[in-house]
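For reference, the structure is listed below as structure tokens.
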Amino acid sequence: QIPQFEDVKFEAASLLSELYCQENSVDTAKPLLRKAIQISQQTPYWHCRLLFQLAQLHTLEKDLVSACDLLGVGAEYARVVGSEYTSTKLMSFPLEFQLLLMERKLQEVHPLLTLCGQIVENWQGNPIQKESLRVFFLVLQVTHYLDAGQVKSVKPCLKQLQQCIQTISTLHDDEILPSNPADLFHWLPKEHMCVLVYLVTVMHSMQAGYLEKAQKYTDKALMQLEKLKMLDCSPILSSFQVILLEHIIMCRLVTGHKATALQEISQVCQLCQQSPRLFSNHAAQLHTLLGLYCISVNCMDNAEAQFTTALRLTTHQELWAFIVTNLASVYIREGNRHQELYSLLERINPDHNFPVSSHCLRAAAFYIRGLFSFFQGRYNEAKRFLRETLKMSNAEDLNRLTACSLVLLGHIFYVLGNHRESNNMVVPAMQLASKIPDMSVQLWSSALLRDLNKACGNAMDAHEAAQMHQNFSQQLLQDHIEACSLPEHNLITWTDGPPPVQFQAQNGPTTSLASLL
């Protein structure tokens with residue numbers, strides 16, 4: 001037996017398995033990994049790494065019980081060979097799966113997170129391993145909070161994570177080499193950790209409505225990814241890139257940069273064309289993004305088709321609730337889909353058996369109810385729903401929902417003739433929308449401020465608001481024309497199979513902007 005040959009053999013098995021997964025041949029990869037695990041027990045580093053890899057495959061197939069079992073085997077093996085570091089890491093990782101298995105029972109999640117945090121903090125070892133464990137745990141904690149839509153509650157953990165990655169960036173890998181081979185096993189290379197921290201920061205900024213900050217960190221992360229991809233073909237880098245683009249596309253649609261968003265949607269399509277597994281993991285998100293783009297350019301039939309396709313493709317509860325909420329907004333705008341709308345609203349009733357534990361999505365469901373009641377002329381009912389949205393969005397700093405709720409409440413008070421109360425809602429809505437910045441809410445708020453000031457006889461303020469409204473209208477109109485003229489605009493008709501490879505040029509916009517103006 002040549003020791004070096006063992007490393008080559010197990011690395012070959014690991015790489016071949018990754019290749020199979022990229023081709024969506026998970027069933028071919030699993031027996032290969034099982035065989036490698038079976039014969040690698042005398043090689044601690046590879047045994048741990050291969051167990052971890054097989055556990056990841058089970059998570060792809062949503063077989064979380066098998067994934068947890070494998071990680072438990074890995075943790076016990078690491079303990080037997082004397083690697084407290086790897087044992088600690090593998091013991092903490094199943095937390096992520098336990099969170100999913102526990103049906104979102106948050107009261108049971110927090111004690112587990114606390115216990116895991118104590119294990120990590122009490123662990124004694126070299127600085128790089130210690131910080132690597134902390135990043136590992138904090139990423140789990142931050143993503144759990146973001147999944148639950150708790151944007152304000154996550155801030156202390158996110159700050160710790162950012163400080164931790166700064167610390168780990170200053171440490172050199174070769175300062176202290178571990179004596180135990182199993183301790184050489186790292187859950188993620190340091191450079192990948194940096195990108196991951198940028199990614200969760202972007203996720204937080206987008207949910208909180210700090211869209212300029214989201215743009216700043218997306219730029220940093222994508223620059224880092226480009227450098228890494230020159231030297232490293234790891235599939236996780238493409239996954240990071242797609243998730244970053246998905247989030248920044250949503251930001252662009254809010255800030256009134258539809259043409260750029262559409263080009264980035266096309267970029268995601270191109271990345272997915274290169275990897276069947278990436279496409280299978282992100283197809284629902286891609287159609288959801290196209291649905292959001294369709295709403296922004298007032299193509300409601302296409303939006304409905306995109307959201308319906310996304311619902312067919314997703315098994316993720318939070319994404320399902322997000323899609324249903326947006327599809328309900330399409331039916332509300334169309335005004336003649338009452339049967340389908342009532343059916344959807346019943347499935348995302350925030351007052352009764354809401355399907356997910358996300359604070360943000362439940363607040364959004366209250367807003368959609370308020371919007372529907374407003375269009376039905378049931379103003380008192382609308383106010384009740386919107387005040388509930390405001391209460392929830394203020395509790396977790398959900399700035400976009402706050403701005404949307406304020407401007408809609410302002411519109412209701414304006415319709416009811418209560419100009420003073422309307423002004424008290426619209427002014428802070430405009431301030432918040434400018435800070436985000438949210439072009440649609442700015443457009444809506446400026447129109448209301450124009451009409452309010454005109455009704456109150458404030459000619460100068462009315463003129464200023466009218467000028468603002470005209471400026472926002474022109475910006476949106478120009479962007480609308482540019483987006484609809486792009487060849488990529490044809491993506492709105494794609495609802496089946498892999499994304500199209502080529503696009504034919506458009507003659508010009510085929511939709512009206514009247515509803516936006």
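We label chains A, B, ... in the order they appear in the structure tokens, count residues from 1 in each chain, and number ligands from 1 in the order shown.
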Discussion item. Give me, as a list in words, all polymer residues having an atom no more than 10 Å from range 211-219 of chain A, counting only C-alpha atoms and skipping those fewer than 6 positions away in the same chain.
Written reply: Val195, Val197, Tyr198, Leu199, Val200, Thr201, Val202, Met203, His204, Ser205, Leu225, Gln241, Leu244, Leu245, His247, Ile248, Ile249, Met250, Cys251, Arg252, Val254, Thr255, Lys435, Ile436, Pro437 and Asp438 of chain A
Store the residues picked out above in a file with N, CA and C atoms, as a compact mmCIF listing (two decimals), in the first residue's frame.
```txt
# COMPACT_ATOMS: atom_id res chain seq x y z
N VAL A 195 -16.88 34.79 0.63
CA VAL A 195 -17.98 35.00 -0.32
C VAL A 195 -19.32 34.68 0.34
N VAL A 197 -20.12 34.95 3.47
CA VAL A 197 -20.49 36.02 4.40
C VAL A 197 -21.03 37.23 3.62
N TYR A 198 -20.40 37.55 2.48
CA TYR A 198 -20.94 38.60 1.62
C TYR A 198 -22.37 38.24 1.21
N LEU A 199 -22.57 36.97 0.87
CA LEU A 199 -23.88 36.51 0.38
C LEU A 199 -24.97 36.68 1.44
N VAL A 200 -24.71 36.24 2.67
CA VAL A 200 -25.75 36.38 3.71
C VAL A 200 -25.97 37.85 4.06
N THR A 201 -24.92 38.68 3.89
CA THR A 201 -25.08 40.12 4.11
C THR A 201 -26.01 40.72 3.05
N VAL A 202 -25.86 40.27 1.81
CA VAL A 202 -26.74 40.72 0.73
C VAL A 202 -28.18 40.28 1.00
N MET A 203 -28.35 39.03 1.44
CA MET A 203 -29.69 38.51 1.76
C MET A 203 -30.36 39.38 2.83
N HIS A 204 -29.58 39.72 3.86
CA HIS A 204 -30.11 40.55 4.95
C HIS A 204 -30.47 41.95 4.44
N SER A 205 -29.56 42.56 3.67
CA SER A 205 -29.78 43.93 3.18
C SER A 205 -31.02 43.99 2.29
N LEU A 225 -15.69 36.26 -6.55
CA LEU A 225 -16.05 35.01 -7.25
C LEU A 225 -15.32 34.89 -8.58
N GLN A 241 -22.87 32.36 -6.98
CA GLN A 241 -23.08 33.39 -8.00
C GLN A 241 -24.56 33.52 -8.36
N LEU A 244 -26.52 35.12 -5.44
CA LEU A 244 -26.25 36.57 -5.41
C LEU A 244 -27.04 37.29 -6.49
N LEU A 245 -27.00 36.74 -7.70
CA LEU A 245 -27.73 37.37 -8.81
C LEU A 245 -29.24 37.38 -8.55
N HIS A 247 -30.77 37.65 -5.78
CA HIS A 247 -31.10 38.71 -4.82
C HIS A 247 -30.94 40.10 -5.42
N ILE A 248 -29.87 40.31 -6.18
CA ILE A 248 -29.66 41.65 -6.75
C ILE A 248 -30.68 41.95 -7.84
N ILE A 249 -31.18 40.92 -8.52
CA ILE A 249 -32.24 41.12 -9.53
C ILE A 249 -33.49 41.68 -8.86
N MET A 250 -33.85 41.12 -7.70
CA MET A 250 -35.02 41.63 -6.97
C MET A 250 -34.80 43.08 -6.55
N CYS A 251 -33.57 43.40 -6.14
CA CYS A 251 -33.25 44.79 -5.77
C CYS A 251 -33.40 45.71 -6.98
N ARG A 252 -32.90 45.30 -8.14
CA ARG A 252 -32.98 46.13 -9.35
C ARG A 252 -34.44 46.44 -9.71
N VAL A 254 -36.92 46.71 -7.75
CA VAL A 254 -37.46 47.68 -6.79
C VAL A 254 -36.91 49.08 -7.08
N THR A 255 -35.62 49.16 -7.43
CA THR A 255 -35.00 50.48 -7.62
C THR A 255 -35.25 51.06 -9.01
N LYS A 435 -35.08 56.46 0.84
CA LYS A 435 -33.92 55.88 1.51
C LYS A 435 -33.63 54.48 0.97
N ILE A 436 -34.68 53.73 0.56
CA ILE A 436 -34.48 52.32 0.16
C ILE A 436 -33.56 52.15 -1.06
N PRO A 437 -33.69 52.74 -2.22
CA PRO A 437 -34.83 53.51 -2.76
C PRO A 437 -35.80 52.59 -3.52
N ASP A 438 -37.11 52.88 -3.37
CA ASP A 438 -38.17 52.11 -4.01
C ASP A 438 -38.90 53.02 -5.00
```
Just want the 12 Å neighbourhood of range 444-460 of chain A, counted on only C-alpha atoms, with same-chain residues fewer than 4 positions away dropped. Output as a short mmCIF file (atom, residue, chain, number, x, y, z; two decimals) with all heavy atoms, in the first residue's frame.
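Below is the file out-v8.cif, written as the result:
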```cif
data_model
loop_
_atom_site.label_atom_id
_atom_site.label_comp_id
_atom_site.auth_asym_id
_atom_site.auth_seq_id
_atom_site.Cartn_x
_atom_site.Cartn_y
_atom_site.Cartn_z
N ALA A 403 -42.97 50.99 4.07
CA ALA A 403 -43.23 52.06 3.09
C ALA A 403 -44.51 51.77 2.30
O ALA A 403 -45.34 52.67 2.11
CB ALA A 403 -42.04 52.20 2.15
N CYS A 404 -44.66 50.52 1.85
CA CYS A 404 -45.86 50.15 1.07
C CYS A 404 -47.14 50.32 1.90
O CYS A 404 -48.16 50.82 1.40
CB CYS A 404 -45.75 48.71 0.57
SG CYS A 404 -44.49 48.46 -0.70
N SER A 405 -47.08 49.89 3.15
CA SER A 405 -48.26 49.98 4.03
C SER A 405 -48.62 51.44 4.31
O SER A 405 -49.80 51.81 4.31
CB SER A 405 -48.00 49.25 5.35
OG SER A 405 -47.65 47.91 5.11
N LEU A 406 -47.60 52.27 4.56
CA LEU A 406 -47.85 53.69 4.85
C LEU A 406 -48.50 54.39 3.66
O LEU A 406 -49.47 55.14 3.82
CB LEU A 406 -46.54 54.39 5.21
CG LEU A 406 -45.98 54.13 6.62
CD1 LEU A 406 -44.58 54.70 6.75
CD2 LEU A 406 -46.90 54.71 7.70
N VAL A 407 -47.97 54.15 2.45
CA VAL A 407 -48.53 54.86 1.29
C VAL A 407 -49.95 54.38 0.98
O VAL A 407 -50.82 55.18 0.60
CB VAL A 407 -47.59 54.74 0.06
CG1 VAL A 407 -47.62 53.35 -0.56
CG2 VAL A 407 -47.95 55.79 -0.98
N LEU A 408 -50.22 53.09 1.19
CA LEU A 408 -51.57 52.58 0.94
C LEU A 408 -52.55 53.13 1.99
O LEU A 408 -53.67 53.52 1.65
CB LEU A 408 -51.58 51.05 0.92
CG LEU A 408 -52.91 50.37 0.59
CD1 LEU A 408 -53.57 50.96 -0.65
CD2 LEU A 408 -52.72 48.86 0.41
N LEU A 409 -52.11 53.19 3.24
CA LEU A 409 -52.95 53.81 4.28
C LEU A 409 -53.21 55.28 3.94
O LEU A 409 -54.32 55.79 4.10
CB LEU A 409 -52.27 53.70 5.66
CG LEU A 409 -52.49 52.39 6.42
CD1 LEU A 409 -51.54 52.30 7.60
CD2 LEU A 409 -53.94 52.27 6.91
N GLY A 410 -52.15 55.96 3.47
CA GLY A 410 -52.31 57.36 3.07
C GLY A 410 -53.33 57.51 1.95
O GLY A 410 -54.13 58.45 1.94
N HIS A 411 -53.31 56.56 1.01
CA HIS A 411 -54.27 56.59 -0.10
C HIS A 411 -55.70 56.39 0.42
O HIS A 411 -56.64 57.06 -0.03
CB HIS A 411 -53.91 55.49 -1.11
CG HIS A 411 -54.46 55.75 -2.47
ND1 HIS A 411 -53.72 55.58 -3.62
CD2 HIS A 411 -55.68 56.16 -2.89
CE1 HIS A 411 -54.47 55.88 -4.68
NE2 HIS A 411 -55.66 56.23 -4.26
N ILE A 412 -55.85 55.47 1.37
CA ILE A 412 -57.18 55.21 1.95
C ILE A 412 -57.72 56.47 2.64
O ILE A 412 -58.87 56.87 2.43
CB ILE A 412 -57.12 54.02 2.94
CG1 ILE A 412 -56.89 52.72 2.17
CG2 ILE A 412 -58.41 53.94 3.76
CD1 ILE A 412 -56.53 51.53 3.06
N PHE A 413 -56.87 57.11 3.46
CA PHE A 413 -57.31 58.33 4.16
C PHE A 413 -57.63 59.45 3.17
O PHE A 413 -58.54 60.24 3.38
CB PHE A 413 -56.25 58.78 5.17
CG PHE A 413 -56.23 57.95 6.43
CD1 PHE A 413 -55.08 57.23 6.78
CD2 PHE A 413 -57.34 57.86 7.25
CE1 PHE A 413 -55.06 56.46 7.93
CE2 PHE A 413 -57.33 57.09 8.41
CZ PHE A 413 -56.18 56.39 8.75
N TYR A 414 -56.87 59.49 2.06
CA TYR A 414 -57.15 60.51 1.03
C TYR A 414 -58.53 60.27 0.41
O TYR A 414 -59.32 61.21 0.24
CB TYR A 414 -56.07 60.46 -0.04
CG TYR A 414 -56.33 61.42 -1.18
CD1 TYR A 414 -56.14 62.78 -1.03
CD2 TYR A 414 -56.81 60.93 -2.42
CE1 TYR A 414 -56.41 63.67 -2.08
CE2 TYR A 414 -57.08 61.80 -3.47
CZ TYR A 414 -56.87 63.17 -3.29
OH TYR A 414 -57.14 64.03 -4.32
N VAL A 415 -58.83 59.03 0.10
CA VAL A 415 -60.13 58.68 -0.49
C VAL A 415 -61.26 59.01 0.48
O VAL A 415 -62.34 59.47 0.08
CB VAL A 415 -60.17 57.18 -0.88
CG1 VAL A 415 -61.57 56.75 -1.28
CG2 VAL A 415 -59.20 56.89 -2.02
N GLY A 417 -61.25 61.39 2.52
CA GLY A 417 -61.30 62.83 2.74
C GLY A 417 -60.56 63.31 3.97
O GLY A 417 -60.64 64.50 4.33
N ASN A 418 -59.83 62.42 4.63
CA ASN A 418 -59.05 62.81 5.83
C ASN A 418 -57.63 63.19 5.39
O ASN A 418 -56.69 62.41 5.48
CB ASN A 418 -59.03 61.63 6.82
CG ASN A 418 -58.44 62.04 8.16
OD1 ASN A 418 -57.73 63.04 8.28
ND2 ASN A 418 -58.73 61.24 9.20
N HIS A 419 -57.49 64.42 4.89
CA HIS A 419 -56.24 64.84 4.27
C HIS A 419 -55.09 64.93 5.27
O HIS A 419 -53.94 64.62 4.93
CB HIS A 419 -56.44 66.19 3.57
CG HIS A 419 -57.37 66.10 2.41
ND1 HIS A 419 -57.96 67.19 1.82
CD2 HIS A 419 -57.84 65.01 1.73
CE1 HIS A 419 -58.74 66.80 0.81
NE2 HIS A 419 -58.70 65.48 0.75
N ARG A 420 -55.38 65.34 6.48
CA ARG A 420 -54.32 65.48 7.48
C ARG A 420 -53.69 64.13 7.81
O ARG A 420 -52.47 63.98 7.84
CB ARG A 420 -54.91 66.12 8.75
CG ARG A 420 -53.87 66.44 9.80
CD ARG A 420 -54.52 67.17 10.96
NE ARG A 420 -53.54 67.48 11.97
CZ ARG A 420 -53.81 68.12 13.10
NH1 ARG A 420 -55.05 68.56 13.32
NH2 ARG A 420 -52.88 68.36 13.99
N GLU A 421 -54.57 63.14 8.05
CA GLU A 421 -54.07 61.79 8.37
C GLU A 421 -53.36 61.17 7.18
O GLU A 421 -52.37 60.47 7.32
CB GLU A 421 -55.24 60.90 8.83
CG GLU A 421 -54.82 59.64 9.56
CD GLU A 421 -54.03 59.91 10.84
OE1 GLU A 421 -54.31 60.90 11.53
OE2 GLU A 421 -53.09 59.13 11.11
N SER A 422 -53.89 61.47 5.98
CA SER A 422 -53.26 60.97 4.76
C SER A 422 -51.83 61.51 4.65
O SER A 422 -50.89 60.76 4.38
CB SER A 422 -54.08 61.39 3.55
OG SER A 422 -53.44 60.98 2.36
N ASN A 423 -51.67 62.81 4.90
CA ASN A 423 -50.34 63.44 4.84
C ASN A 423 -49.39 62.82 5.85
O ASN A 423 -48.20 62.61 5.58
CB ASN A 423 -50.49 64.94 5.08
CG ASN A 423 -49.23 65.69 4.72
OD1 ASN A 423 -48.85 65.78 3.56
ND2 ASN A 423 -48.55 66.23 5.73
N ASN A 424 -49.93 62.49 7.04
CA ASN A 424 -49.11 61.87 8.11
C ASN A 424 -48.58 60.49 7.71
O ASN A 424 -47.59 60.01 8.27
CB ASN A 424 -49.92 61.74 9.40
CG ASN A 424 -50.17 63.08 10.06
OD1 ASN A 424 -49.47 64.05 9.76
ND2 ASN A 424 -51.17 63.16 10.94
N MET A 425 -49.26 59.86 6.78
CA MET A 425 -48.82 58.54 6.29
C MET A 425 -47.89 58.68 5.07
O MET A 425 -46.87 58.00 4.97
CB MET A 425 -50.04 57.69 5.89
CG MET A 425 -50.99 57.39 7.00
SD MET A 425 -50.26 56.24 8.19
CE MET A 425 -51.10 56.72 9.69
N VAL A 426 -48.26 59.57 4.15
CA VAL A 426 -47.56 59.64 2.87
C VAL A 426 -46.17 60.25 3.01
O VAL A 426 -45.21 59.79 2.36
CB VAL A 426 -48.39 60.43 1.83
CG1 VAL A 426 -47.64 60.54 0.51
CG2 VAL A 426 -49.74 59.75 1.60
N VAL A 427 -46.02 61.26 3.86
CA VAL A 427 -44.70 61.92 4.01
C VAL A 427 -43.64 60.92 4.50
O VAL A 427 -42.58 60.79 3.87
CB VAL A 427 -44.79 63.16 4.93
CG1 VAL A 427 -43.40 63.67 5.29
CG2 VAL A 427 -45.59 64.27 4.24
N PRO A 428 -43.89 60.17 5.61
CA PRO A 428 -42.87 59.18 6.01
C PRO A 428 -42.69 58.05 4.99
O PRO A 428 -41.59 57.51 4.85
CB PRO A 428 -43.38 58.64 7.35
CG PRO A 428 -44.81 59.02 7.44
CD PRO A 428 -44.96 60.26 6.61
N ALA A 429 -43.77 57.71 4.25
CA ALA A 429 -43.64 56.68 3.20
C ALA A 429 -42.66 57.15 2.14
O ALA A 429 -41.80 56.39 1.67
CB ALA A 429 -45.01 56.40 2.57
N MET A 430 -42.78 58.42 1.74
CA MET A 430 -41.89 58.99 0.73
C MET A 430 -40.44 59.03 1.23
O MET A 430 -39.50 58.69 0.50
CB MET A 430 -42.35 60.41 0.39
CG MET A 430 -41.56 61.06 -0.73
SD MET A 430 -41.65 60.10 -2.25
CE MET A 430 -41.50 61.38 -3.46
N GLN A 431 -40.27 59.43 2.50
CA GLN A 431 -38.91 59.49 3.07
C GLN A 431 -38.26 58.11 3.09
O GLN A 431 -37.10 57.94 2.72
CB GLN A 431 -38.98 60.07 4.50
CG GLN A 431 -39.34 61.55 4.53
CD GLN A 431 -39.68 62.04 5.93
OE1 GLN A 431 -39.96 61.24 6.84
NE2 GLN A 431 -39.68 63.36 6.12
N LEU A 432 -39.04 57.11 3.51
CA LEU A 432 -38.52 55.74 3.59
C LEU A 432 -38.25 55.18 2.20
O LEU A 432 -37.22 54.54 1.96
CB LEU A 432 -39.53 54.86 4.34
CG LEU A 432 -39.05 53.51 4.87
CD1 LEU A 432 -37.76 53.64 5.66
CD2 LEU A 432 -40.14 52.88 5.75
N ALA A 433 -39.17 55.46 1.26
CA ALA A 433 -39.00 54.97 -0.11
C ALA A 433 -37.76 55.59 -0.77
O ALA A 433 -37.07 54.93 -1.55
CB ALA A 433 -40.25 55.29 -0.94
N SER A 434 -37.46 56.84 -0.43
CA SER A 434 -36.27 57.50 -0.98
C SER A 434 -35.00 56.89 -0.41
O SER A 434 -33.98 56.80 -1.09
CB SER A 434 -36.30 59.00 -0.65
OG SER A 434 -37.47 59.60 -1.13
N ASP A 438 -37.11 52.88 -3.37
CA ASP A 438 -38.17 52.11 -4.01
C ASP A 438 -38.90 53.02 -5.00
O ASP A 438 -39.66 53.91 -4.59
CB ASP A 438 -39.13 51.57 -2.95
CG ASP A 438 -40.19 50.65 -3.51
OD1 ASP A 438 -40.66 50.90 -4.64
OD2 ASP A 438 -40.57 49.69 -2.82
N MET A 439 -38.66 52.83 -6.29
CA MET A 439 -39.20 53.74 -7.30
C MET A 439 -40.72 53.73 -7.36
O MET A 439 -41.35 54.77 -7.53
CB MET A 439 -38.63 53.38 -8.67
CG MET A 439 -37.24 53.92 -8.90
SD MET A 439 -37.19 55.72 -9.08
CE MET A 439 -37.67 55.90 -10.78
N SER A 440 -41.33 52.56 -7.25
CA SER A 440 -42.79 52.48 -7.36
C SER A 440 -43.47 53.22 -6.21
O SER A 440 -44.46 53.94 -6.43
CB SER A 440 -43.25 51.01 -7.37
OG SER A 440 -42.75 50.37 -8.51
N GLU A 464 -44.21 71.19 -6.65
CA GLU A 464 -42.97 70.45 -6.37
C GLU A 464 -43.21 68.94 -6.44
O GLU A 464 -42.42 68.20 -7.03
CB GLU A 464 -42.43 70.84 -4.99
CG GLU A 464 -41.07 70.25 -4.68
CD GLU A 464 -40.59 70.59 -3.26
OE1 GLU A 464 -41.03 71.62 -2.72
OE2 GLU A 464 -39.78 69.81 -2.72
N ALA A 465 -44.33 68.50 -5.84
CA ALA A 465 -44.67 67.07 -5.86
C ALA A 465 -44.98 66.61 -7.29
O ALA A 465 -44.59 65.50 -7.69
CB ALA A 465 -45.87 66.80 -4.95
N ALA A 466 -45.66 67.48 -8.06
CA ALA A 466 -45.98 67.13 -9.45
C ALA A 466 -44.69 66.98 -10.28
O ALA A 466 -44.60 66.09 -11.14
CB ALA A 466 -46.87 68.22 -10.07
N GLN A 467 -43.71 67.84 -9.99
CA GLN A 467 -42.42 67.76 -10.70
C GLN A 467 -41.69 66.46 -10.36
O GLN A 467 -41.13 65.80 -11.24
CB GLN A 467 -41.55 68.97 -10.32
CG GLN A 467 -40.30 69.12 -11.19
CD GLN A 467 -40.62 69.27 -12.67
OE1 GLN A 467 -41.41 70.13 -13.06
NE2 GLN A 467 -40.05 68.41 -13.49
N MET A 468 -41.73 66.11 -9.06
CA MET A 468 -41.12 64.84 -8.63
C MET A 468 -41.79 63.67 -9.33
O MET A 468 -41.13 62.76 -9.83
CB MET A 468 -41.26 64.66 -7.10
CG MET A 468 -40.20 65.34 -6.28
SD MET A 468 -40.15 64.69 -4.59
CE MET A 468 -41.78 65.08 -3.98
N HIS A 469 -43.13 63.71 -9.37
CA HIS A 469 -43.89 62.62 -10.00
C HIS A 469 -43.54 62.51 -11.48
O HIS A 469 -43.36 61.40 -12.02
CB HIS A 469 -45.39 62.87 -9.82
CG HIS A 469 -46.24 61.75 -10.33
ND1 HIS A 469 -46.84 61.78 -11.57
CD2 HIS A 469 -46.55 60.54 -9.80
CE1 HIS A 469 -47.51 60.64 -11.77
NE2 HIS A 469 -47.35 59.88 -10.71
N GLN A 470 -43.39 63.65 -12.14
CA GLN A 470 -43.02 63.66 -13.55
C GLN A 470 -41.63 63.06 -13.77
O GLN A 470 -41.42 62.26 -14.69
CB GLN A 470 -43.06 65.11 -14.06
CG GLN A 470 -42.66 65.29 -15.52
CD GLN A 470 -43.65 64.65 -16.49
OE1 GLN A 470 -44.77 64.33 -16.12
NE2 GLN A 470 -43.22 64.45 -17.73
N ASN A 471 -40.70 63.40 -12.89
CA ASN A 471 -39.33 62.86 -12.99
C ASN A 471 -39.30 61.35 -12.82
O ASN A 471 -38.66 60.63 -13.60
CB ASN A 471 -38.41 63.51 -11.95
CG ASN A 471 -38.17 64.99 -12.24
OD1 ASN A 471 -38.38 65.45 -13.36
ND2 ASN A 471 -37.75 65.74 -11.24
N PHE A 472 -40.02 60.85 -11.78
CA PHE A 472 -40.08 59.40 -11.55
C PHE A 472 -40.75 58.70 -12.73
O PHE A 472 -40.31 57.63 -13.16
CB PHE A 472 -40.84 59.08 -10.26
CG PHE A 472 -40.14 59.52 -9.00
CD1 PHE A 472 -40.83 60.17 -7.98
CD2 PHE A 472 -38.78 59.28 -8.82
CE1 PHE A 472 -40.19 60.57 -6.82
CE2 PHE A 472 -38.13 59.68 -7.66
CZ PHE A 472 -38.84 60.33 -6.66
N SER A 473 -41.82 59.32 -13.26
CA SER A 473 -42.55 58.73 -14.39
C SER A 473 -41.63 58.59 -15.61
O SER A 473 -41.62 57.55 -16.28
CB SER A 473 -43.74 59.60 -14.78
OG SER A 473 -44.66 59.70 -13.71
N SER A 515 -50.68 51.96 -16.38
CA SER A 515 -51.07 51.58 -15.01
C SER A 515 -50.04 52.04 -13.99
O SER A 515 -50.36 52.24 -12.82
CB SER A 515 -51.24 50.06 -14.91
OG SER A 515 -50.00 49.43 -15.10
N LEU A 516 -48.76 52.19 -14.43
CA LEU A 516 -47.74 52.66 -13.50
C LEU A 516 -47.81 54.18 -13.32
O LEU A 516 -47.46 54.71 -12.28
CB LEU A 516 -46.34 52.29 -14.03
CG LEU A 516 -45.99 50.80 -14.04
CD1 LEU A 516 -44.65 50.61 -14.71
CD2 LEU A 516 -45.97 50.24 -12.63
N LEU A 517 -48.22 54.89 -14.36
CA LEU A 517 -48.20 56.35 -14.32
C LEU A 517 -49.53 56.92 -13.86
O LEU A 517 -49.63 58.09 -13.60
CB LEU A 517 -47.87 56.90 -15.73
CG LEU A 517 -46.56 56.40 -16.36
CD1 LEU A 517 -46.36 57.06 -17.70
CD2 LEU A 517 -45.38 56.66 -15.46
#
```
Worksheet item: Please, which residues of range 354-471 of chain A, numbered as in this document, come out alpha helix (DSSP H) from DSSP, as a ChimeraX atom specification?
Response: /A:359-375,379-395,399-415,419-435,439-455,459-471
Discussion item. Applying 12 Å and only C-alpha atoms, which residues near Cys194 in chain A remain after dropping the ones on its own chain fewer than 4 positions away? List them as an MDAnalysis selection string.
Written reply: chainID A and resid 132 135:136 139 161:170 188:190 198:201 217 220:225 228 237 240
Dump as a PDB file, in the first residue's frame, selection limited to C-alpha atoms:
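Heads up, here's the output in result09.pdb:
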```pdb
ATOM      1  CA  SER A 132     -13.730  28.294  11.203  1.00  0.00           C
ATOM      2  CA  VAL A 135     -18.155  30.999  11.078  1.00  0.00           C
ATOM      3  CA  PHE A 136     -19.802  27.599  10.579  1.00  0.00           C
ATOM      4  CA  VAL A 139     -23.807  31.030   9.206  1.00  0.00           C
ATOM      5  CA  LEU A 161     -20.147  36.735  11.631  1.00  0.00           C
ATOM      6  CA  GLN A 162     -18.695  39.740   9.797  1.00  0.00           C
ATOM      7  CA  GLN A 163     -16.156  40.329  12.602  1.00  0.00           C
ATOM      8  CA  CYS A 164     -15.285  36.634  12.602  1.00  0.00           C
ATOM      9  CA  ILE A 165     -14.547  36.546   8.873  1.00  0.00           C
ATOM     10  CA  GLN A 166     -12.336  39.640   9.259  1.00  0.00           C
ATOM     11  CA  THR A 167     -10.370  37.813  11.954  1.00  0.00           C
ATOM     12  CA  ILE A 168     -10.017  34.628   9.922  1.00  0.00           C
ATOM     13  CA  SER A 169      -8.844  36.636   6.879  1.00  0.00           C
ATOM     14  CA  THR A 170      -5.834  37.895   8.858  1.00  0.00           C
ATOM     15  CA  LEU A 188     -15.242  25.260   3.469  1.00  0.00           C
ATOM     16  CA  PRO A 189     -12.040  26.974   2.253  1.00  0.00           C
ATOM     17  CA  LYS A 190     -11.362  30.367   3.818  1.00  0.00           C
ATOM     18  CA  TYR A 198     -20.945  38.597   1.620  1.00  0.00           C
ATOM     19  CA  LEU A 199     -23.878  36.508   0.383  1.00  0.00           C
ATOM     20  CA  VAL A 200     -25.752  36.376   3.706  1.00  0.00           C
ATOM     21  CA  THR A 201     -25.084  40.124   4.113  1.00  0.00           C
ATOM     22  CA  TYR A 217     -21.794  43.745  -1.158  1.00  0.00           C
ATOM     23  CA  LYS A 220     -17.649  42.792  -3.792  1.00  0.00           C
ATOM     24  CA  ALA A 221     -18.806  39.171  -3.770  1.00  0.00           C
ATOM     25  CA  LEU A 222     -19.025  38.870  -7.572  1.00  0.00           C
ATOM     26  CA  MET A 223     -15.542  40.371  -7.952  1.00  0.00           C
ATOM     27  CA  GLN A 224     -14.193  37.826  -5.459  1.00  0.00           C
ATOM     28  CA  LEU A 225     -16.045  35.013  -7.246  1.00  0.00           C
ATOM     29  CA  LEU A 228     -11.772  32.375  -7.462  1.00  0.00           C
ATOM     30  CA  LEU A 237     -18.998  28.965  -6.515  1.00  0.00           C
ATOM     31  CA  PHE A 240     -23.078  31.368  -4.765  1.00  0.00           C
TER      32      PHE A 240
END
```
Practice prompt. Identify, on the basis of only C-alpha atoms, every residue whose closest approach to range 268-274 of chain A does not exceed 9 Å; exclude the query and any residue fewer than 3 positions from it along the same chain; express the result as a list in words.
Written response: Gln22, Ser238, Gln241, Val242, Leu245, Glu246, Gln263, Glu264, Ile265, Arg277, Leu278, Phe279, Ser280, His282, Ala283, Leu286, Pro498, Pro499, Pro500 and Val501 of chain A
Fill in: Nearest to Asn490 in chain A by atom-to-atom distance, counting only C-alpha atoms, from A:Ile243, A:Val73, A:Leu311, A:Tyr293
A:Tyr293
Discussion item. List as a list in words the protein and nucleic acid residues near Gln150 in chain A, meaning an atom at most 9 Å away when only C-alpha atoms are counted, but skip any in the same chain fewer than 5 places from it.
Written reply: His144, Tyr145, Ser358, His359, Cys360, Ala395, Glu396, Asp397 and Leu398 of chain A
